[in-house]
file coords_13.cif (mmCIF, C-alpha atoms)
data_start
#
loop_
_atom_site.group_PDB
_atom_site.id
_atom_site.type_symbol
_atom_site.label_atom_id
_atom_site.label_comp_id
_atom_site.auth_asym_id
_atom_site.auth_seq_id
_atom_site.Cartn_x
_atom_site.Cartn_y
_atom_site.Cartn_z
ATOM 1 C CA MET H 1 27.614 5.507 -6.876
ATOM 2 C CA ARG H 2 24.304 6.868 -5.621
ATOM 3 C CA PRO H 3 22.174 4.601 -3.428
ATOM 4 C CA ARG H 4 19.035 3.225 -5.067
ATOM 5 C CA ILE H 5 16.906 3.945 -2.018
ATOM 6 C CA PRO H 6 16.076 7.640 -1.654
ATOM 7 C CA ARG H 7 17.119 9.368 1.538
ATOM 8 C CA GLN H 8 14.289 10.135 3.905
ATOM 9 C CA THR H 9 14.155 12.544 6.770
ATOM 10 C CA ALA H 10 13.083 11.622 10.276
ATOM 11 C CA ALA H 11 9.748 13.295 9.532
ATOM 12 C CA ASP H 12 9.150 10.748 6.766
ATOM 13 C CA HIS H 13 9.251 7.979 9.355
ATOM 14 C CA ASP H 14 6.981 9.654 11.923
ATOM 15 C CA ARG H 15 3.538 8.230 12.524
ATOM 16 C CA THR H 16 0.910 10.165 10.602
ATOM 17 C CA SER H 17 -2.860 10.334 10.632
ATOM 18 C CA ALA H 18 -2.871 7.633 7.953
ATOM 19 C CA GLU H 19 -1.461 5.077 10.374
ATOM 20 C CA PRO H 20 -2.680 5.662 13.916
ATOM 21 C CA ASP H 21 -1.599 2.644 15.965
ATOM 22 C CA ALA H 22 -4.652 2.671 18.219
ATOM 23 C CA ARG H 23 -6.993 2.162 15.244
ATOM 24 C CA LEU H 24 -5.066 -0.720 13.636
ATOM 25 C CA THR H 25 -4.551 -4.346 14.576
ATOM 26 C CA ASP H 26 -0.948 -5.342 15.144
ATOM 27 C CA GLU H 27 -1.119 -7.364 11.919
ATOM 28 C CA LEU H 28 -2.256 -4.341 9.892
ATOM 29 C CA ALA H 29 0.451 -2.175 11.480
ATOM 30 C CA ALA H 30 2.971 -4.818 10.338
ATOM 31 C CA VAL H 31 1.489 -4.651 6.813
ATOM 32 C CA ILE H 32 2.031 -0.893 6.766
ATOM 33 C CA ALA H 33 5.633 -1.322 7.897
ATOM 34 C CA GLY H 34 6.126 -3.909 5.139
ATOM 35 C CA ALA H 35 4.555 -1.603 2.543
ATOM 36 C CA ARG H 36 6.880 1.205 3.645
ATOM 37 C CA ARG H 37 9.909 -1.088 3.259
ATOM 38 C CA ARG H 38 8.631 -2.185 -0.165
ATOM 39 C CA ALA H 39 8.198 1.443 -1.273
ATOM 40 C CA LEU H 40 11.717 2.307 -0.118
ATOM 41 C CA ARG H 41 13.191 -0.766 -1.800
ATOM 42 C CA ASP H 42 11.364 0.089 -5.038
ATOM 43 C CA GLY H 43 12.752 3.627 -4.900
ATOM 44 C CA ASP H 44 9.314 5.174 -4.427
ATOM 45 C CA ARG H 45 8.784 8.242 -2.285
ATOM 46 C CA GLN H 46 5.272 7.325 -1.217
ATOM 47 C CA ILE H 47 3.396 4.249 -0.118
ATOM 48 C CA ASP H 48 0.649 3.590 -2.648
ATOM 49 C CA THR H 49 -2.207 1.104 -2.810
ATOM 50 C CA ALA H 50 -0.129 -1.366 -4.844
ATOM 51 C CA HIS H 51 2.470 -1.490 -2.040
ATOM 52 C CA LEU H 52 -0.325 -2.063 0.476
ATOM 53 C CA LEU H 53 -2.035 -4.763 -1.598
ATOM 54 C CA HIS H 54 1.244 -6.571 -2.279
ATOM 55 C CA THR H 55 2.076 -6.716 1.422
ATOM 56 C CA LEU H 56 -1.498 -7.679 2.376
ATOM 57 C CA LEU H 57 -1.445 -10.617 -0.050
ATOM 58 C CA GLU H 58 1.925 -11.793 1.206
ATOM 59 C CA SER H 59 1.275 -11.534 4.913
ATOM 60 C CA ASP H 60 -2.439 -11.659 5.775
ATOM 61 C CA PRO H 61 -4.138 -15.086 5.619
ATOM 62 C CA GLU H 62 -7.575 -13.501 6.073
ATOM 63 C CA VAL H 63 -7.017 -11.347 2.966
ATOM 64 C CA ARG H 64 -5.745 -14.322 0.949
ATOM 65 C CA ALA H 65 -8.879 -16.249 1.940
ATOM 66 C CA VAL H 66 -11.022 -13.610 0.214
ATOM 67 C CA PHE H 67 -9.679 -14.747 -3.160
ATOM 68 C CA ASP H 68 -10.983 -17.854 -4.908
ATOM 69 C CA SER H 69 -7.788 -19.769 -5.481
ATOM 70 C CA GLY H 70 -4.029 -19.980 -5.285
ATOM 71 C CA PRO H 71 -3.654 -19.287 -9.032
ATOM 72 C CA GLN H 72 -5.616 -16.028 -8.688
ATOM 73 C CA ILE H 73 -3.367 -14.872 -5.846
ATOM 74 C CA ALA H 74 -0.254 -15.937 -7.777
ATOM 75 C CA ARG H 75 -1.432 -13.936 -10.796
ATOM 76 C CA LEU H 76 -2.071 -10.837 -8.644
ATOM 77 C CA LEU H 77 1.347 -11.145 -7.005
ATOM 78 C CA GLY H 78 2.898 -11.578 -10.454
ATOM 79 C CA TYR H 79 1.370 -8.295 -11.656
ATOM 80 C CA LEU H 80 2.525 -6.517 -8.512
ATOM 81 C CA VAL H 81 6.073 -7.874 -8.856
ATOM 82 C CA GLN H 82 6.196 -6.769 -12.507
ATOM 83 C CA ARG H 83 5.213 -3.292 -11.398
ATOM 84 C CA SER H 84 7.869 -3.209 -8.704
ATOM 85 C CA ILE H 85 10.686 -4.256 -11.064
ATOM 86 C CA GLY H 86 9.878 -1.603 -13.617
ATOM 87 C CA TYR H 87 7.366 -3.083 -16.026
ATOM 88 C CA GLY H 88 4.663 -0.781 -14.700
ATOM 89 C CA LEU H 89 6.033 2.266 -16.502
ATOM 90 C CA ARG H 90 2.550 3.391 -17.532
ATOM 91 C CA TRP H 91 1.849 4.007 -13.833
ATOM 92 C CA GLN H 92 4.688 6.507 -13.555
ATOM 93 C CA SER H 93 2.551 9.325 -14.915
ATOM 94 C CA SER H 94 -0.555 8.527 -12.892
ATOM 95 C CA VAL H 95 -1.750 10.550 -9.926
ATOM 96 C CA GLU H 96 -1.069 7.835 -7.365
ATOM 97 C CA ASP H 97 2.526 7.431 -8.557
ATOM 98 C CA SER H 98 5.161 7.933 -5.924
ATOM 99 C CA GLY H 99 6.673 11.318 -6.547
ATOM 100 C CA ALA H 100 5.995 11.772 -10.276
ATOM 101 C CA VAL H 101 3.228 14.285 -9.611
ATOM 102 C CA PRO H 102 3.571 16.773 -6.758
ATOM 103 C CA VAL H 103 1.019 16.082 -4.065
ATOM 104 C CA LEU H 104 -0.480 19.221 -2.562
ATOM 105 C CA THR H 105 -2.755 17.514 -0.065
ATOM 106 C CA GLY H 106 -2.658 14.314 1.892
ATOM 107 C CA VAL H 107 -0.324 12.645 4.326
ATOM 108 C CA ALA H 108 3.442 12.889 3.915
ATOM 109 C CA GLY H 109 4.914 9.636 2.636
ATOM 110 C CA TRP H 110 1.565 8.332 1.350
ATOM 111 C CA SER H 111 -0.189 8.706 -1.988
ATOM 112 C CA PRO H 112 -3.534 10.492 -1.568
ATOM 113 C CA VAL H 113 -5.384 7.305 -2.576
ATOM 114 C CA ALA H 114 -3.452 5.137 -0.081
ATOM 115 C CA ALA H 115 -4.038 7.646 2.734
ATOM 116 C CA GLY H 116 -7.745 7.683 1.854
ATOM 117 C CA ALA H 117 -7.827 3.886 1.833
ATOM 118 C CA MET H 118 -6.318 3.793 5.329
ATOM 119 C CA GLU H 119 -8.962 6.220 6.574
ATOM 120 C CA GLY H 120 -11.614 4.147 4.785
ATOM 121 C CA ALA H 121 -10.360 0.984 6.492
ATOM 122 C CA CYS H 122 -10.656 2.622 9.902
ATOM 123 C CA GLY H 123 -14.147 3.877 9.025
ATOM 124 C CA ARG H 124 -15.190 0.404 7.864
ATOM 125 C CA ALA H 125 -13.917 -1.097 11.117
ATOM 126 C CA ALA H 126 -15.917 1.433 13.126
ATOM 127 C CA ARG H 127 -19.095 0.732 11.100
ATOM 128 C CA ARG H 128 -18.824 -3.007 11.760
ATOM 129 C CA GLY H 129 -18.278 -2.289 15.461
ATOM 130 C CA GLY H 130 -14.600 -3.209 15.479
ATOM 131 C CA ALA H 131 -12.173 -1.322 17.649
ATOM 132 C CA ARG H 132 -9.338 -1.698 15.135
ATOM 133 C CA ALA H 133 -9.021 -1.958 11.365
ATOM 134 C CA ARG H 134 -7.948 -5.328 9.964
ATOM 135 C CA GLY H 135 -6.371 -6.306 6.673
ATOM 136 C CA VAL H 136 -9.755 -7.131 5.108
ATOM 137 C CA ASP H 137 -10.953 -3.618 6.011
ATOM 138 C CA LEU H 138 -8.002 -2.175 4.121
ATOM 139 C CA LEU H 139 -8.573 -4.544 1.186
ATOM 140 C CA ALA H 140 -12.216 -3.406 0.945
ATOM 141 C CA ALA H 141 -11.155 0.256 1.072
ATOM 142 C CA ILE H 142 -8.502 -0.255 -1.615
ATOM 143 C CA VAL H 143 -10.991 -1.994 -3.924
ATOM 144 C CA ALA H 144 -13.517 0.807 -3.385
ATOM 145 C CA ALA H 145 -11.008 3.596 -4.099
ATOM 146 C CA PRO H 146 -11.814 5.069 -7.524
ATOM 147 C CA GLU H 147 -8.198 5.785 -8.515
ATOM 148 C CA SER H 148 -6.521 2.865 -6.775
ATOM 149 C CA ARG H 149 -3.444 1.601 -8.588
ATOM 150 C CA ALA H 150 -3.912 -1.763 -6.883
ATOM 151 C CA VAL H 151 -7.285 -2.150 -8.600
ATOM 152 C CA GLU H 152 -5.678 -1.490 -11.977
#

call {"tool": "encode", "arguments": {"input": "coords_13.cif", "output": "structure tokens"}}
result
Amino acid sequence: MRPRIPRQTAADHDRTSAEPDARLTDELAAVIAGARRRALRDGDRQIDTAHLLHTLLESDPEVRAVFDSGPQIARLLGYLVQRSIGYGLRWQSSVEDSGAVPVLTGVAGWSPVAAGAMEGACGRAARRGGARARGVDLLAAIVAAPESRAVE
């Protein structure tokens, strides 16, 4: 029986330009680690914005505070869970999908949109004078990304 989680090489686990530790808070670095675990568990080859949003909502109180109510967060988490258990089949053919479309540019192990969102979060932190990107910086970058699966 083949394992559900795809094998990854050591290079897949190396730090990349999408996740430089010095530019992230410890909490955001933990979110990225959680998103990577979620992607692996879901059988995806890349971290995408839905993985990032799901982990942000679960683990970052500052991000949860951005939303109006508990029911709104519960609804968002419900959509994200449906996607992760296979109901999001329409996403399998989209550009951000993990592995369905060959990615020619970007950061290994990340969808192009997720890598761009990470860079956007670091840029947002720098513009506000912060030394490190926080979860709300990443949330803002995900929402602003034109092809973000999380926004869908």

call {"tool": "closest_residue", "arguments": {"input": "coords_13.cif", "among": "H:Val143, H:Ile73, H:Ala115, H:Ala121", "to": "H:Asp48", "atoms": "all atoms listed in the file"}}
result
H:Ala115

call {"tool": "resolve_selection", "arguments": {"input": "coords_13.cif", "expression": "the PyMOL selection byres ((chain H and resi 133) around 7)", "output": "list of chain:residue names"}}
result
H:Arg23, H:Leu24, H:Thr25, H:Ala121, H:Cys122, H:Ala125, H:Arg132, H:Arg134, H:Gly135, H:Asp137

call {"tool": "resolve_selection", "arguments": {"input": "coords_13.cif", "expression": "the PyMOL selection byres ((chain H and resi 50-56) around 7)", "output": "MDAnalysis selection string"}}
result
chainID H and resid 31:32 34:35 38:39 47:49 57:60 63 77 80 135 149:150

call {"tool": "atom_distance", "arguments": {"input": "coords_13.cif", "atom1": "atom CA of H:Val81", "atom2": "atom CA of H:Asp42"}}
result
10.3 Å

call {"tool": "atom_distance", "arguments": {"input": "coords_13.cif", "atom1": "atom CA of H:Gly116", "atom2": "atom CA of H:Glu152"}}
result
16.7 Å

call {"tool": "atom_distance", "arguments": {"input": "coords_13.cif", "atom1": "atom CA of H:Arg37", "atom2": "atom CA of H:Ala114"}}
result
15.1 Å

call {"tool": "closest_residue", "arguments": {"input": "coords_13.cif", "among": "H:Glu119, H:Asp44, H:Glu147, H:Glu27", "to": "H:Glu62", "atoms": "all atoms listed in the file"}}
result
H:Glu27

call {"tool": "closest_residue", "arguments": {"input": "coords_13.cif", "among": "H:Arg41, H:Arg36, H:Gln46, H:Asp26", "to": "H:Val107", "atoms": "all atoms listed in the file"}}
result
H:Gln46
